[in-house]
$ cat data37.txt   # compact mmCIF, N, CA and C atoms
# COMPACT_ATOMS: atom_id res chain seq x y z
N MET N 592 -121.36 109.78 81.56
CA MET N 592 -121.77 109.31 80.25
C MET N 592 -123.24 109.65 80.05
N SER N 593 -123.56 110.23 78.95
CA SER N 593 -124.97 110.50 78.65
C SER N 593 -125.63 109.25 78.10
N GLN N 594 -126.91 109.17 78.31
CA GLN N 594 -127.64 108.01 77.83
C GLN N 594 -127.92 108.17 76.34
N SER N 595 -127.65 107.12 75.60
CA SER N 595 -127.82 107.21 74.16
C SER N 595 -128.75 106.15 73.58
N THR N 596 -129.13 105.18 74.39
CA THR N 596 -130.00 104.11 73.91
C THR N 596 -131.26 104.10 74.76
N THR N 597 -132.42 104.09 74.10
CA THR N 597 -133.70 103.95 74.80
C THR N 597 -134.49 102.85 74.11
N LEU N 598 -134.90 101.87 74.89
CA LEU N 598 -135.65 100.72 74.38
C LEU N 598 -136.97 100.61 75.13
N ILE N 599 -137.98 100.10 74.47
CA ILE N 599 -139.30 99.91 75.08
C ILE N 599 -139.35 98.52 75.71
N LEU N 600 -139.45 98.48 77.04
CA LEU N 600 -139.63 97.20 77.72
C LEU N 600 -141.09 96.78 77.70
N PHE N 601 -141.98 97.77 77.73
CA PHE N 601 -143.40 97.47 77.74
C PHE N 601 -144.13 98.62 77.07
N PRO N 602 -144.81 98.39 75.96
CA PRO N 602 -145.56 99.46 75.28
C PRO N 602 -146.86 99.77 76.03
N GLN N 603 -147.57 100.77 75.58
CA GLN N 603 -148.84 101.10 76.21
C GLN N 603 -149.76 99.89 76.19
N THR N 604 -150.26 99.53 77.37
CA THR N 604 -151.08 98.33 77.53
C THR N 604 -152.20 98.64 78.50
N ALA N 605 -153.42 98.42 78.08
CA ALA N 605 -154.59 98.65 78.93
C ALA N 605 -155.12 97.31 79.42
N TYR N 606 -155.64 97.33 80.63
CA TYR N 606 -156.26 96.13 81.19
C TYR N 606 -157.50 95.80 80.38
N VAL N 607 -157.64 94.54 80.04
CA VAL N 607 -158.80 94.05 79.31
C VAL N 607 -159.51 93.05 80.21
N ASN N 608 -160.75 93.33 80.54
CA ASN N 608 -161.51 92.44 81.40
C ASN N 608 -162.29 91.45 80.52
N PRO N 609 -161.83 90.20 80.49
CA PRO N 609 -162.51 89.21 79.66
C PRO N 609 -163.72 88.57 80.34
N GLY N 610 -164.32 89.27 81.26
CA GLY N 610 -165.44 88.71 82.02
C GLY N 610 -165.07 88.69 83.49
N ASN N 611 -165.49 87.67 84.16
CA ASN N 611 -165.18 87.56 85.58
C ASN N 611 -163.86 86.83 85.81
N ALA N 612 -162.86 87.19 85.05
CA ALA N 612 -161.56 86.53 85.15
C ALA N 612 -160.75 87.09 86.32
N ALA N 613 -159.85 86.29 86.81
CA ALA N 613 -158.92 86.72 87.87
C ALA N 613 -157.87 87.64 87.27
N PRO N 614 -157.19 88.42 88.10
CA PRO N 614 -156.07 89.23 87.59
C PRO N 614 -155.07 88.34 86.86
N TYR N 615 -154.38 88.91 85.91
CA TYR N 615 -153.46 88.12 85.10
C TYR N 615 -152.09 88.78 85.00
N THR N 616 -151.14 88.08 84.42
CA THR N 616 -149.77 88.55 84.24
C THR N 616 -149.50 88.75 82.76
N VAL N 617 -148.84 89.86 82.43
CA VAL N 617 -148.43 90.14 81.06
C VAL N 617 -146.92 90.37 81.08
N VAL N 618 -146.19 89.68 80.21
CA VAL N 618 -144.74 89.80 80.16
C VAL N 618 -144.34 90.53 78.88
N GLY N 619 -143.51 91.56 79.04
CA GLY N 619 -143.02 92.31 77.89
C GLY N 619 -141.86 91.60 77.22
N ASN N 620 -141.42 92.14 76.12
CA ASN N 620 -140.31 91.56 75.37
C ASN N 620 -138.97 91.84 76.05
N ALA N 621 -138.08 90.88 75.99
CA ALA N 621 -136.73 91.08 76.51
C ALA N 621 -135.98 92.03 75.58
N GLN N 622 -135.22 92.93 76.19
CA GLN N 622 -134.40 93.88 75.44
C GLN N 622 -132.96 93.81 75.94
N PRO N 623 -131.99 94.03 75.06
CA PRO N 623 -130.60 94.03 75.51
C PRO N 623 -130.36 95.12 76.55
N ALA N 624 -129.69 94.78 77.63
CA ALA N 624 -129.34 95.74 78.68
C ALA N 624 -127.97 96.35 78.37
N ALA N 625 -127.50 97.21 79.25
CA ALA N 625 -126.26 97.95 79.01
C ALA N 625 -125.06 97.04 78.78
N ALA N 626 -124.94 95.96 79.53
CA ALA N 626 -123.78 95.08 79.39
C ALA N 626 -123.78 94.31 78.07
N TYR N 627 -124.92 94.18 77.43
CA TYR N 627 -125.00 93.46 76.16
C TYR N 627 -124.15 94.15 75.09
N TYR N 628 -124.28 95.47 74.99
CA TYR N 628 -123.56 96.24 73.98
C TYR N 628 -122.28 96.87 74.50
N LEU N 629 -122.28 97.26 75.76
CA LEU N 629 -121.20 98.09 76.27
C LEU N 629 -120.27 97.36 77.22
N GLY N 630 -120.28 96.04 77.20
CA GLY N 630 -119.35 95.25 78.00
C GLY N 630 -119.54 95.39 79.49
N ASN N 631 -118.70 96.18 80.13
CA ASN N 631 -118.74 96.26 81.58
C ASN N 631 -119.62 97.39 82.11
N ARG N 632 -120.50 97.93 81.31
CA ARG N 632 -121.42 98.98 81.78
C ARG N 632 -122.48 98.36 82.67
N ASP N 633 -122.81 99.07 83.75
CA ASP N 633 -123.74 98.48 84.70
C ASP N 633 -124.84 99.43 85.16
N LEU N 634 -125.02 100.57 84.52
CA LEU N 634 -126.07 101.50 84.93
C LEU N 634 -127.15 101.58 83.86
N GLN N 635 -128.37 101.24 84.26
CA GLN N 635 -129.55 101.34 83.41
C GLN N 635 -130.55 102.22 84.12
N THR N 636 -131.32 102.99 83.36
CA THR N 636 -132.40 103.79 83.92
C THR N 636 -133.71 103.27 83.35
N VAL N 637 -134.66 102.99 84.24
CA VAL N 637 -135.99 102.57 83.83
C VAL N 637 -136.93 103.74 84.08
N ASN N 638 -137.67 104.12 83.06
CA ASN N 638 -138.64 105.21 83.13
C ASN N 638 -140.00 104.58 82.89
N LEU N 639 -140.95 104.82 83.82
CA LEU N 639 -142.26 104.20 83.63
C LEU N 639 -143.37 105.16 83.98
N SER N 640 -144.52 104.90 83.39
CA SER N 640 -145.71 105.71 83.61
C SER N 640 -146.92 104.79 83.62
N VAL N 641 -147.76 104.93 84.67
CA VAL N 641 -148.98 104.14 84.78
C VAL N 641 -150.15 105.05 85.15
N SER N 642 -151.35 104.65 84.76
CA SER N 642 -152.56 105.41 85.07
C SER N 642 -153.63 104.48 85.64
N ASN N 643 -154.07 104.80 86.85
CA ASN N 643 -155.19 104.11 87.48
C ASN N 643 -154.97 102.59 87.53
N ILE N 644 -153.75 102.18 87.85
CA ILE N 644 -153.40 100.76 87.76
C ILE N 644 -153.61 100.03 89.08
N ILE N 645 -154.06 98.81 88.97
CA ILE N 645 -154.03 97.85 90.06
C ILE N 645 -153.21 96.68 89.54
N GLY N 646 -152.10 96.42 90.19
CA GLY N 646 -151.16 95.39 89.77
C GLY N 646 -149.76 95.84 90.12
N ASN N 647 -148.79 94.99 89.90
CA ASN N 647 -147.40 95.30 90.19
C ASN N 647 -146.58 95.30 88.92
N ILE N 648 -145.77 96.32 88.75
CA ILE N 648 -144.82 96.38 87.64
C ILE N 648 -143.50 95.81 88.16
N VAL N 649 -143.00 94.80 87.51
CA VAL N 649 -141.76 94.15 87.94
C VAL N 649 -140.75 94.27 86.80
N ILE N 650 -139.56 94.77 87.14
CA ILE N 650 -138.45 94.81 86.18
C ILE N 650 -137.55 93.63 86.51
N GLN N 651 -137.24 92.85 85.49
CA GLN N 651 -136.42 91.67 85.66
C GLN N 651 -135.18 91.77 84.80
N ALA N 652 -134.14 91.07 85.21
CA ALA N 652 -132.88 91.03 84.46
C ALA N 652 -132.41 89.59 84.37
N THR N 653 -131.47 89.37 83.46
CA THR N 653 -130.85 88.05 83.33
C THR N 653 -129.39 88.23 82.95
N LEU N 654 -128.61 87.23 83.29
CA LEU N 654 -127.21 87.18 82.90
C LEU N 654 -127.02 86.23 81.72
N ALA N 655 -128.09 85.52 81.35
CA ALA N 655 -128.04 84.55 80.25
C ALA N 655 -128.20 85.28 78.92
N ASN N 656 -127.60 84.73 77.90
CA ASN N 656 -127.68 85.32 76.57
C ASN N 656 -127.95 84.24 75.54
N PRO N 657 -129.17 84.08 75.09
CA PRO N 657 -130.40 84.70 75.59
C PRO N 657 -131.00 83.87 76.72
N ALA N 658 -131.89 84.48 77.47
CA ALA N 658 -132.59 83.75 78.53
C ALA N 658 -133.66 82.90 77.88
N THR N 659 -133.51 81.61 77.96
CA THR N 659 -134.43 80.71 77.26
C THR N 659 -135.50 80.11 78.16
N VAL N 660 -135.31 80.18 79.47
CA VAL N 660 -136.31 79.68 80.39
C VAL N 660 -136.59 80.73 81.45
N ASP N 661 -137.79 80.68 82.01
CA ASP N 661 -138.24 81.72 82.93
C ASP N 661 -137.40 81.80 84.19
N ASN N 662 -136.83 80.68 84.65
CA ASN N 662 -136.08 80.73 85.91
C ASN N 662 -134.70 81.39 85.77
N GLN N 663 -134.34 81.82 84.57
CA GLN N 663 -133.09 82.56 84.37
C GLN N 663 -133.28 84.06 84.64
N TRP N 664 -134.51 84.49 84.86
CA TRP N 664 -134.82 85.90 85.15
C TRP N 664 -134.93 86.11 86.65
N PHE N 665 -134.50 87.27 87.13
CA PHE N 665 -134.64 87.63 88.54
C PHE N 665 -135.10 89.08 88.63
N ASP N 666 -135.83 89.39 89.71
CA ASP N 666 -136.39 90.72 89.91
C ASP N 666 -135.31 91.70 90.37
N VAL N 667 -135.31 92.90 89.77
CA VAL N 667 -134.37 93.95 90.18
C VAL N 667 -135.10 95.21 90.65
N TYR N 668 -136.41 95.30 90.39
CA TYR N 668 -137.20 96.45 90.84
C TYR N 668 -138.67 96.06 90.78
N GLU N 669 -139.46 96.60 91.73
CA GLU N 669 -140.91 96.36 91.70
C GLU N 669 -141.64 97.61 92.15
N LEU N 670 -142.69 97.96 91.41
CA LEU N 670 -143.59 99.06 91.77
C LEU N 670 -144.93 98.46 92.11
N ASN N 671 -145.41 98.72 93.31
CA ASN N 671 -146.72 98.26 93.74
C ASN N 671 -147.75 99.26 93.23
N GLY N 672 -148.52 98.87 92.22
CA GLY N 672 -149.51 99.75 91.63
C GLY N 672 -150.65 100.11 92.56
N SER N 673 -150.93 99.27 93.54
CA SER N 673 -151.99 99.59 94.49
C SER N 673 -151.61 100.78 95.35
N ASP N 674 -150.30 100.94 95.62
CA ASP N 674 -149.82 102.08 96.40
C ASP N 674 -149.55 103.30 95.53
N ASN N 675 -149.32 103.09 94.24
CA ASN N 675 -148.97 104.15 93.30
C ASN N 675 -149.78 104.01 92.01
N PRO N 676 -151.10 104.20 92.05
CA PRO N 676 -151.92 103.92 90.87
C PRO N 676 -151.72 104.90 89.71
N ASN N 677 -151.26 106.11 89.99
CA ASN N 677 -151.02 107.11 88.95
C ASN N 677 -149.65 107.72 89.20
N VAL N 678 -148.67 107.26 88.45
CA VAL N 678 -147.31 107.74 88.71
C VAL N 678 -146.50 107.71 87.42
N SER N 679 -145.59 108.66 87.32
CA SER N 679 -144.53 108.65 86.30
C SER N 679 -143.24 108.81 87.08
N LEU N 680 -142.31 107.90 86.89
CA LEU N 680 -141.06 107.96 87.64
C LEU N 680 -139.95 107.31 86.87
N TYR N 681 -138.74 107.52 87.37
CA TYR N 681 -137.61 106.79 86.84
C TYR N 681 -136.80 106.26 88.02
N THR N 682 -136.07 105.20 87.78
CA THR N 682 -135.19 104.63 88.78
C THR N 682 -133.94 104.11 88.09
N ASN N 683 -132.82 104.28 88.74
CA ASN N 683 -131.56 103.74 88.23
C ASN N 683 -131.37 102.34 88.79
N ILE N 684 -130.97 101.43 87.93
CA ILE N 684 -130.73 100.05 88.32
C ILE N 684 -129.30 99.71 87.94
N THR N 685 -128.54 99.30 88.94
CA THR N 685 -127.13 98.97 88.72
C THR N 685 -126.96 97.46 88.67
N GLY N 686 -126.29 96.99 87.65
CA GLY N 686 -126.02 95.57 87.51
C GLY N 686 -125.50 95.29 86.11
N ASN N 687 -124.63 94.34 86.00
CA ASN N 687 -124.03 93.98 84.72
C ASN N 687 -124.92 92.97 84.00
N PHE N 688 -126.12 93.42 83.61
CA PHE N 688 -127.15 92.55 83.04
C PHE N 688 -127.03 92.48 81.53
N VAL N 689 -127.39 91.32 80.98
CA VAL N 689 -127.35 91.14 79.53
C VAL N 689 -128.69 91.52 78.90
N TYR N 690 -129.79 91.09 79.52
CA TYR N 690 -131.13 91.44 79.04
C TYR N 690 -131.98 91.90 80.21
N MET N 691 -132.98 92.72 79.90
CA MET N 691 -133.96 93.14 80.89
C MET N 691 -135.35 93.07 80.26
N ARG N 692 -136.36 92.94 81.11
CA ARG N 692 -137.74 92.93 80.64
C ARG N 692 -138.63 93.47 81.75
N ALA N 693 -139.86 93.80 81.39
CA ALA N 693 -140.85 94.24 82.37
C ALA N 693 -142.04 93.31 82.30
N LYS N 694 -142.71 93.16 83.42
CA LYS N 694 -143.95 92.40 83.41
C LYS N 694 -144.91 93.03 84.41
N ILE N 695 -146.20 92.80 84.17
CA ILE N 695 -147.24 93.25 85.08
C ILE N 695 -147.81 92.00 85.74
N VAL N 696 -147.77 91.98 87.05
CA VAL N 696 -148.26 90.85 87.82
C VAL N 696 -149.54 91.27 88.53
N ASP N 697 -150.52 90.40 88.56
CA ASP N 697 -151.83 90.68 89.18
C ASP N 697 -152.50 91.90 88.55
N PHE N 698 -152.40 92.00 87.23
CA PHE N 698 -152.98 93.12 86.48
C PHE N 698 -154.50 93.03 86.58
N ASN N 699 -155.12 94.08 87.14
CA ASN N 699 -156.55 94.03 87.41
C ASN N 699 -157.29 95.31 87.02
N GLN N 700 -156.55 96.34 86.60
CA GLN N 700 -157.20 97.60 86.23
C GLN N 700 -156.14 98.57 85.72
N GLY N 701 -156.55 99.49 84.85
CA GLY N 701 -155.71 100.61 84.47
C GLY N 701 -154.93 100.45 83.19
N VAL N 702 -153.96 101.35 83.03
CA VAL N 702 -153.15 101.40 81.82
C VAL N 702 -151.69 101.57 82.20
N VAL N 703 -150.84 100.76 81.60
CA VAL N 703 -149.41 101.00 81.65
C VAL N 703 -149.12 101.85 80.42
N ASN N 704 -148.76 103.11 80.65
CA ASN N 704 -148.49 104.00 79.51
C ASN N 704 -147.21 103.61 78.79
N TYR N 705 -146.16 103.32 79.55
CA TYR N 705 -144.90 102.83 78.99
C TYR N 705 -143.96 102.41 80.10
N VAL N 706 -143.03 101.55 79.73
CA VAL N 706 -141.88 101.22 80.55
C VAL N 706 -140.70 101.23 79.58
N LYS N 707 -139.75 102.15 79.81
CA LYS N 707 -138.61 102.32 78.91
C LYS N 707 -137.30 102.05 79.65
N LEU N 708 -136.33 101.56 78.91
CA LEU N 708 -135.00 101.28 79.42
C LEU N 708 -134.00 102.17 78.69
N SER N 709 -133.16 102.89 79.44
CA SER N 709 -132.16 103.76 78.84
C SER N 709 -130.79 103.45 79.43
N TYR N 710 -129.76 103.61 78.61
CA TYR N 710 -128.37 103.50 79.09
C TYR N 710 -127.47 104.22 78.12
$ encode --input "data37.txt" --output "C-alpha cells"
Amino acid sequence: MSQSTTLILFPQTAYVNPGNAAPYTVVGNAQPAAAYYLGNRDLQTVNLSVSNIIGNIVIQATLANPATVDNQWFDVYELNGSDNPNVSLYTNITGNFVYMRAKIVDFNQGVVNYVKLSY
C-alpha cells in the first residue's frame, strides 16, 4: 500500500532561551494515526529533521479516542538529540494506534525542522 496521508506532528520549532531557564518540554498536536481512518491498519512512518538540537524527540501514541489525559499516551519511539544533533531520518512504527503526537523533552538548543506522520 502506498502512503497517501501525511500529517504534521510537529512544525518547525526553534529553541527560545527565555534567560537562564532550564530545558523545557514542548508537546505537538495530536493527529489521527492509521487505525483512526483505516480500521485495522498498523503501519505508520515518522519522518523527522532536526538541526543542532539538544533534547529528545519522543513519538507517542494512544489507543484512546480522544486522549483526554496525559497518562493515556505511551512512547513508541525516541531520538536522543545529544547523540544525533543534525539528522534527517524516517522510521516505521507498527501499532494499531488511534492518535499519535510528538514532543521535545529537555529542549535546550537547536531547531526541529519538522516531524511528519505518514500512512
$ select_by_dssp --input "data37.txt" --residues "chain N" --states "strand (DSSP E or B)" --output "VMD selection string"
chain N and resid 597 to 601 604 to 605 615 to 618 622 to 623 634 to 653 665 to 671 678 to 685 690 to 709
$ closest_residue --input "data37.txt" --among "N:Leu634, N:Leu680, N:Val696, N:Val667" --to "N:Ile650" --atoms "only N, CA and C atoms"
N:Val667
$ residues_around --input "data37.txt" --residues "N:Asn643" --least-positions-apart "4" --cutoff "5 Å" --atoms "only N, CA and C atoms" --output "list of chain:residue names"
N:Pro676, N:Asn677, N:Gln700, N:Gly701, N:Val702
$ closest_residue --input "data37.txt" --among "N:Pro623, N:Gly630, N:Gly646, N:Pro657" --to "N:Tyr690" --atoms "all atoms listed in the file"
N:Pro623
$ atom_distance --input "data37.txt" --atom1 "atom N of N:Leu600" --atom2 "atom C of N:Tyr681"
13.7 Å
$ atom_distance --input "data37.txt" --atom1 "atom N of N:Thr604" --atom2 "atom CA of N:Val706"
9.1 Å
$ closest_residue --input "data37.txt" --among "N:Thr616, N:Asn687, N:Asn611, N:Asn704" --to "N:Ala652" --atoms "only C-alpha atoms"
N:Asn687
$ atom_distance --input "data37.txt" --atom1 "atom N of N:Tyr668" --atom2 "atom C of N:Pro609"
29.9 Å
$ residues_around --input "data37.txt" --residues "N:Ser640" --least-positions-apart "6" --cutoff "5 Å" --atoms "all atoms listed in the file" --output "PyMOL selection string"
chain N and resi 678-679+703-705
$ residues_around --input "data37.txt" --residues "N:Asn647" --least-positions-apart "3" --cutoff "8 Å" --atoms "only C-alpha atoms" --output "JSON list (two decimals) with N, CA and C atoms, in the frame of the given file"
[["chain", "number", "residue", "atom", "x", "y", "z"],
["N", 669, "GLU", "N", -139.46, 96.60, 91.73],
["N", 669, "GLU", "CA", -140.91, 96.36, 91.70],
["N", 669, "GLU", "C", -141.64, 97.61, 92.15],
["N", 670, "LEU", "N", -142.69, 97.96, 91.41],
["N", 670, "LEU", "CA", -143.59, 99.06, 91.77],
["N", 670, "LEU", "C", -144.93, 98.46, 92.11],
["N", 671, "ASN", "N", -145.41, 98.72, 93.31],
["N", 671, "ASN", "CA", -146.72, 98.26, 93.74],
["N", 671, "ASN", "C", -147.75, 99.26, 93.23],
["N", 672, "GLY", "N", -148.52, 98.87, 92.22],
["N", 672, "GLY", "CA", -149.51, 99.75, 91.63],
["N", 672, "GLY", "C", -150.65, 100.11, 92.56],
["N", 673, "SER", "N", -150.93, 99.27, 93.54],
["N", 673, "SER", "CA", -151.99, 99.59, 94.49],
["N", 673, "SER", "C", -151.61, 100.78, 95.35],
["N", 695, "ILE", "N", -146.20, 92.80, 84.17],
["N", 695, "ILE", "CA", -147.24, 93.25, 85.08],
["N", 695, "ILE", "C", -147.81, 92.00, 85.74],
["N", 696, "VAL", "N", -147.77, 91.98, 87.05],
["N", 696, "VAL", "CA", -148.26, 90.85, 87.82],
["N", 696, "VAL", "C", -149.54, 91.27, 88.53],
["N", 697, "ASP", "N", -150.52, 90.40, 88.56],
["N", 697, "ASP", "CA", -151.83, 90.68, 89.18],
["N", 697, "ASP", "C", -152.50, 91.90, 88.55],
["N", 698, "PHE", "N", -152.40, 92.00, 87.23],
["N", 698, "PHE", "CA", -152.98, 93.12, 86.48],
["N", 698, "PHE", "C", -154.50, 93.03, 86.58]]
$ select_by_dssp --input "data37.txt" --residues "stretch 592-680 of chain N" --states "alpha helix (DSSP H)" --output "list in words"
Ala625, Ala626, Tyr627, Tyr628 and Leu629 of chain N
